[in-house]
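Shown next, in structure tokens, is the structure this report addresses.
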Amino acid sequence: MRKYLIWVSILLVSSMGFLFAYDQELIGAYNYAYIVGITTMPTIDQANMNGNLIRAHMAKMMSNYATEVLNLVPNTGKVCNFDDVSWQTEELKWFITESCQLGLMGVGISSFNPSGVVTRAEFWTVLSRALWGNTYNVSTNPYYVAHLQALKNAGIMTIITTPSQLEVRGYVMLMMQRADELMNTGLDVTPPTAKIAYSTTGSTTGNVTATLTWRSEAITWVNKYAHTFTGNGSFIFYFQDLAGNLGSVTATVNNIIVTWKPTANVKYSTTGATNGDVVATLTWRNETLTGVNAFTHTFTWNGSFTFTFSNLAWGTGSVTATVANIDKTAPTWTIAYSPTTWEYTSWNIVATLIWRSETLTGVNTYTYTFTGNGTFIFNFMDLAGNTGSTTATVNYWTGA
């Protein structure tokens, strides 16, 4: 019925005297656009068919096409605010918001650039979104490649080699008309779909394989049937059906637990010589630790102890505490006498501390002179605080 209305409206355009300026294809495109509400301009000249299209006007045209022709419904609960549209007419501001709520334009940006001139790549992308939603919003460089190929495969476009060319209004109307006709001819313009199966969906430290499984129809080409993830991430499977429609599905893996060795340091209660115990404490850690065998270890004697631990990613680590500064042995010291003979003597006898077992401190004296028979106790202490003593005895003095 719509085709008959379009051809009837050509007579209206002809009667206005403007037919000579446009070919039959553009006249048909204008009549189609006017009837379905894509343009509200009452004459083909006022529609400015050869004029460049700006983003604000594309928002209006595409919103009308999406709602009136494709019967799409905007998500009115979606907030779409732009910081550069306040000077637009209320009508254009409304269509700018609706185009965003339809997921066609302005998604994820804060500046709409309403006066920006539209390129063919931009229009192709928006038309593709209107026809197939987010199917071709794939990670390609440039961004519009998948959209262009889909439109070409569907027969809506024949030449896709001029993406940077500035778009004109009449061409936009023609592409919408062509898309509407092709979508209603019974031709297969529906992208194929597929599902993904994962080798595991639980937490794992190993690899995960994503396999392309159930497909909505036969496919003639696929970039890959399976992809192995060695780490978390995404991979896009691309495929094409018998009619040339391109489809895609994204595999996403986030259940691979990456293991790495946790680390920690050890702090000692003392590092100097001591005759007491030494406590080693597990200190600075590069992450949260689990499975710790001990947070402290008390050394009562010199030796080593290994702290073992793991992290939330199932990685294991260790650090060894070593103590060699505990000394609990009392020091010793040897005495020499002068004269050393054990023959009786009437001379004074000097007792001197000589060979010692270790470095000593706190010695009461290093020599003692006997003027007669008797004893004298040398007292001393080592660096660890252990005390010792040795007694000098003289019993061979005969007197003056």
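We label chains A, B, ... in the order they appear in the structure tokens, count residues from 1 in each chain, and number ligands from 1 in the order shown.
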**Q.** DSSP strand (DSSP E) selection over stretch 113-326 of chain A, as a PyMOL selection string
**A.** chain A and resi 194-198+208-215+219-222+226-229+233-241+246-253+264-268+278-285+289-290+296-299+303-311+316-323
Q | 10 Å contact set for A:Ile159, only C-alpha atoms, chain neighbours under 5 positions out, as number ranges by chain | A | A: 148-149, 151-152
Q.
When you look at A:Thr367 with a cut-off of 12 Å (counting only C-alpha atoms), what residues show up, excluding the ones that are within fewer than 2 positions of it in the same chain? I need them as a list in words.
A. Thr334, Ile335, Ala336, Tyr337, Ser338, Ile349, Val350, Ala351, Thr352, Leu353, Ile354, Val363, Asn364, Thr365, Thr369, Phe370, Phe376, Ile377, Phe378, Asn379, Thr391 and Ala392 of chain A
Keeping only N, CA and C atoms, write the selected residues as a PDB file, in the first residue's frame.
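Listing of part-v1.pdb after writing:
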```
ATOM      1  N   THR A 334      91.244 -17.075  80.903  1.00  0.00           N
ATOM      2  CA  THR A 334      92.381 -17.783  81.517  1.00  0.00           C
ATOM      3  C   THR A 334      93.301 -16.788  82.222  1.00  0.00           C
ATOM      4  N   ILE A 335      93.927 -17.249  83.329  1.00  0.00           N
ATOM      5  CA  ILE A 335      94.798 -16.386  84.131  1.00  0.00           C
ATOM      6  C   ILE A 335      96.258 -16.840  83.976  1.00  0.00           C
ATOM      7  N   ALA A 336      97.137 -15.849  83.857  1.00  0.00           N
ATOM      8  CA  ALA A 336      98.588 -16.128  83.853  1.00  0.00           C
ATOM      9  C   ALA A 336      99.207 -15.446  85.079  1.00  0.00           C
ATOM     10  N   TYR A 337     100.210 -16.090  85.668  1.00  0.00           N
ATOM     11  CA  TYR A 337     100.848 -15.558  86.868  1.00  0.00           C
ATOM     12  C   TYR A 337     102.296 -15.170  86.549  1.00  0.00           C
ATOM     13  N   SER A 338     102.742 -14.115  87.223  1.00  0.00           N
ATOM     14  CA  SER A 338     104.138 -13.699  87.069  1.00  0.00           C
ATOM     15  C   SER A 338     104.674 -13.298  88.465  1.00  0.00           C
ATOM     16  N   ILE A 349     103.398 -11.199  93.348  1.00  0.00           N
ATOM     17  CA  ILE A 349     102.941 -12.056  92.231  1.00  0.00           C
ATOM     18  C   ILE A 349     101.783 -11.344  91.518  1.00  0.00           C
ATOM     19  N   VAL A 350     101.895 -11.191  90.173  1.00  0.00           N
ATOM     20  CA  VAL A 350     100.859 -10.497  89.377  1.00  0.00           C
ATOM     21  C   VAL A 350     100.044 -11.548  88.613  1.00  0.00           C
ATOM     22  N   ALA A 351      98.704 -11.497  88.817  1.00  0.00           N
ATOM     23  CA  ALA A 351      97.769 -12.365  88.068  1.00  0.00           C
ATOM     24  C   ALA A 351      97.150 -11.531  86.943  1.00  0.00           C
ATOM     25  N   THR A 352      97.244 -12.041  85.714  1.00  0.00           N
ATOM     26  CA  THR A 352      96.752 -11.285  84.542  1.00  0.00           C
ATOM     27  C   THR A 352      95.766 -12.140  83.742  1.00  0.00           C
ATOM     28  N   LEU A 353      94.675 -11.507  83.343  1.00  0.00           N
ATOM     29  CA  LEU A 353      93.708 -12.196  82.464  1.00  0.00           C
ATOM     30  C   LEU A 353      94.296 -12.267  81.057  1.00  0.00           C
ATOM     31  N   ILE A 354      94.367 -13.497  80.512  1.00  0.00           N
ATOM     32  CA  ILE A 354      94.876 -13.640  79.139  1.00  0.00           C
ATOM     33  C   ILE A 354      93.764 -14.249  78.257  1.00  0.00           C
ATOM     34  N   VAL A 363      84.591  -5.802  82.600  1.00  0.00           N
ATOM     35  CA  VAL A 363      85.628  -6.493  83.378  1.00  0.00           C
ATOM     36  C   VAL A 363      85.991  -5.641  84.603  1.00  0.00           C
ATOM     37  N   ASN A 364      86.025  -6.258  85.784  1.00  0.00           N
ATOM     38  CA  ASN A 364      86.345  -5.458  86.972  1.00  0.00           C
ATOM     39  C   ASN A 364      87.813  -5.034  86.987  1.00  0.00           C
ATOM     40  N   THR A 365      88.721  -5.864  86.457  1.00  0.00           N
ATOM     41  CA  THR A 365      90.132  -5.494  86.279  1.00  0.00           C
ATOM     42  C   THR A 365      90.804  -6.556  85.441  1.00  0.00           C
ATOM     43  N   THR A 369      97.617  -7.695  91.695  1.00  0.00           N
ATOM     44  CA  THR A 369      98.929  -7.972  92.282  1.00  0.00           C
ATOM     45  C   THR A 369      98.756  -8.525  93.680  1.00  0.00           C
ATOM     46  N   PHE A 370      99.292  -9.713  93.834  1.00  0.00           N
ATOM     47  CA  PHE A 370      99.269 -10.342  95.155  1.00  0.00           C
ATOM     48  C   PHE A 370     100.536  -9.932  95.917  1.00  0.00           C
ATOM     49  N   PHE A 376      91.691 -13.964  94.371  1.00  0.00           N
ATOM     50  CA  PHE A 376      91.013 -12.778  93.815  1.00  0.00           C
ATOM     51  C   PHE A 376      90.111 -13.239  92.668  1.00  0.00           C
ATOM     52  N   ILE A 377      88.927 -12.711  92.650  1.00  0.00           N
ATOM     53  CA  ILE A 377      87.944 -13.120  91.614  1.00  0.00           C
ATOM     54  C   ILE A 377      87.868 -12.045  90.531  1.00  0.00           C
ATOM     55  N   PHE A 378      88.157 -12.443  89.301  1.00  0.00           N
ATOM     56  CA  PHE A 378      87.929 -11.582  88.129  1.00  0.00           C
ATOM     57  C   PHE A 378      86.481 -11.781  87.665  1.00  0.00           C
ATOM     58  N   ASN A 379      85.718 -10.710  87.523  1.00  0.00           N
ATOM     59  CA  ASN A 379      84.337 -10.769  87.008  1.00  0.00           C
ATOM     60  C   ASN A 379      84.274 -10.103  85.634  1.00  0.00           C
ATOM     61  N   THR A 391      88.779 -17.333  89.183  1.00  0.00           N
ATOM     62  CA  THR A 391      89.435 -17.022  90.456  1.00  0.00           C
ATOM     63  C   THR A 391      90.943 -17.243  90.356  1.00  0.00           C
ATOM     64  N   ALA A 392      91.689 -16.208  90.729  1.00  0.00           N
ATOM     65  CA  ALA A 392      93.153 -16.341  90.797  1.00  0.00           C
ATOM     66  C   ALA A 392      93.531 -16.737  92.218  1.00  0.00           C
TER      67      ALA A 392
END
```
Compile the contact shell of stretch 81-95 of chain A as a short mmCIF file (atom, residue, chain, number, x, y, z; two decimals) with N, CA and C atoms, in the first residue's frame: residues with an atom at most 7 Å away, counting only C-alpha atoms, same-chain residues fewer than 6 positions apart removed.
```cif
data_model
loop_
_atom_site.label_atom_id
_atom_site.label_comp_id
_atom_site.auth_asym_id
_atom_site.auth_seq_id
_atom_site.Cartn_x
_atom_site.Cartn_y
_atom_site.Cartn_z
N ALA A 56 21.72 17.38 13.98
CA ALA A 56 20.42 17.65 14.58
C ALA A 56 19.30 17.20 13.67
N ALA A 59 19.03 13.45 13.49
CA ALA A 59 18.34 12.93 14.67
C ALA A 59 16.83 12.91 14.43
N LYS A 60 16.32 13.98 13.83
CA LYS A 60 14.87 14.06 13.56
C LYS A 60 14.47 13.01 12.52
N SER A 63 14.87 9.39 13.92
CA SER A 63 13.89 9.09 14.95
C SER A 63 12.53 8.80 14.33
N SER A 110 28.69 13.44 25.92
CA SER A 110 28.06 14.57 26.60
C SER A 110 27.85 15.75 25.67
N SER A 111 28.54 15.80 24.53
CA SER A 111 28.37 16.86 23.54
C SER A 111 27.84 16.25 22.25
N PHE A 112 26.66 16.69 21.83
CA PHE A 112 26.00 16.08 20.68
C PHE A 112 26.52 16.62 19.36
N ASN A 113 27.06 17.85 19.35
CA ASN A 113 27.54 18.50 18.13
C ASN A 113 26.40 18.60 17.10
N PRO A 114 25.31 19.29 17.44
CA PRO A 114 24.12 19.31 16.58
C PRO A 114 24.35 19.92 15.20
#
```
**Q.** Polymer residues at most 9 Å from A:Thr193, only C-alpha atoms, same-chain spacing of 2 or more positions, as a count of residues only
**A.** 10
Q.
Can you measure atom CA of A:Asn207 to atom CA of A:Thr290 for me? One decimal in Å is fine.
A.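 Interatomic distance here is 23.8 Å.
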Once you count only C-alpha atoms, what closest atom pair and distance in Å to one decimal does each residue of stretch 322-382 of chain A within 7 Å of stretch 303-310 of chain A have, with rows by chain and rising residue number, as a Markdown table?
```
| residue | atom | partner | partner_atom | distance |
| --- | --- | --- | --- | --- |
| A:Thr322 | CA | A:Ser304 | CA | 4.3 |
| A:Val323 | CA | A:Gly303 | CA | 5.4 |
| A:Ala324 | CA | A:Gly303 | CA | 6.6 |
```
Q | Given only C-alpha atoms as the counted atoms, nearest of A:Thr205, A:Thr252, A:Asn184, A:Thr393 to A:Leu312 | A | A:Thr205
Q.
Between A:Asn373, A:His227, A:Asp382, A:Tyr144, which residue has the minimum interatomic distance to A:Ile326, considering only C-alpha atoms?
A.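 Comparing A:Asn373, A:His227, A:Asp382, A:Tyr144 against A:Ile326, the winner is A:Asp382.
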Report as CSV the residues of stretch 98-217 of chain A within 9 Å of stretch 33-45 of chain A, each with its shortest atom pair and distance in Å (one decimal), using only C-alpha atoms, ordered by chain and increasing residue number.
```
residue,atom,partner,partner_atom,distance
A:Met173,CA,A:Ala33,CA,6.0
A:Leu174,CA,A:Ala33,CA,8.4
A:Met176,CA,A:Ala33,CA,8.1
A:Gln177,CA,A:Ala33,CA,7.4
```
Prev. selection, N, CA and C atoms, output as a PDB file, in the first residue's frame:
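Saved file again_32.pdb follows:
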```pdb
ATOM      1  N   MET A 173      17.307   9.996   2.481  1.00  0.00           N
ATOM      2  CA  MET A 173      15.924   9.564   2.265  1.00  0.00           C
ATOM      3  C   MET A 173      15.869   8.352   1.345  1.00  0.00           C
ATOM      4  N   LEU A 174      16.725   8.354   0.309  1.00  0.00           N
ATOM      5  CA  LEU A 174      16.759   7.235  -0.621  1.00  0.00           C
ATOM      6  C   LEU A 174      17.186   5.948   0.064  1.00  0.00           C
ATOM      7  N   MET A 176      16.860   5.201   3.237  1.00  0.00           N
ATOM      8  CA  MET A 176      15.782   4.758   4.117  1.00  0.00           C
ATOM      9  C   MET A 176      14.690   4.058   3.315  1.00  0.00           C
ATOM     10  N   GLN A 177      14.334   4.637   2.167  1.00  0.00           N
ATOM     11  CA  GLN A 177      13.320   4.030   1.319  1.00  0.00           C
ATOM     12  C   GLN A 177      13.772   2.651   0.854  1.00  0.00           C
TER      13      GLN A 177
END
```
**Q.** Residue among A:Leu104, A:Asn275, A:Gly244, A:Ile236 lying closest to A:Gly155, counting only C-alpha atoms
**A.**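 Among the listed residues, the smallest separation from A:Gly155 belongs to A:Gly244.
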Q | Contact residues around A:Thr316 with only C-alpha atoms at 10 Å, ignoring same-chain residues under 2 positions, as a list in words | A | Thr259, Trp260, Lys261, Pro262, Thr263, Leu289, Thr290, Gly291, Val292, Thr308, Phe309, Ser310, Asn311, Leu312, Ala313, Trp314 and Ser318 of chain A
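Nearest to A:Met49 of all the residues A:Ile196, A:Ile160, A:Ile96, A:Val172 is A:Val172, counting only C-alpha atoms.
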Q: Would you work out the distance separating atom CA of A:Ala47 from atom CA of A:Arg169, expressed in Å to one decimal?
A: 7.8 Å
**Q.** Selected residue, from A:Gln240, A:Leu127, A:Gly315, A:Gly108, that lies nearest to A:Met61 when counting only C-alpha atoms
**A.** A:Leu127
Q. In Å, with one decimal, what is the gap from atom CA of A:Leu26 to atom CA of A:Asn50?
A. 9.6 Å
Q: Compare A:Ala280, A:Ala29, A:Val117, A:Ile257 by their minimum atom-to-atom distance to A:Gly206, counting only C-alpha atoms, and give me the closest one.
A: A:Ile257
Q: Pull the helix (DSSP H, G or I) assignments for stretch 61-184 of chain A out of DSSP run on the backbone, and list those residues as a ChimeraX atom specification.
A: /A:61-69,90-101,120-132,145-153,169-183
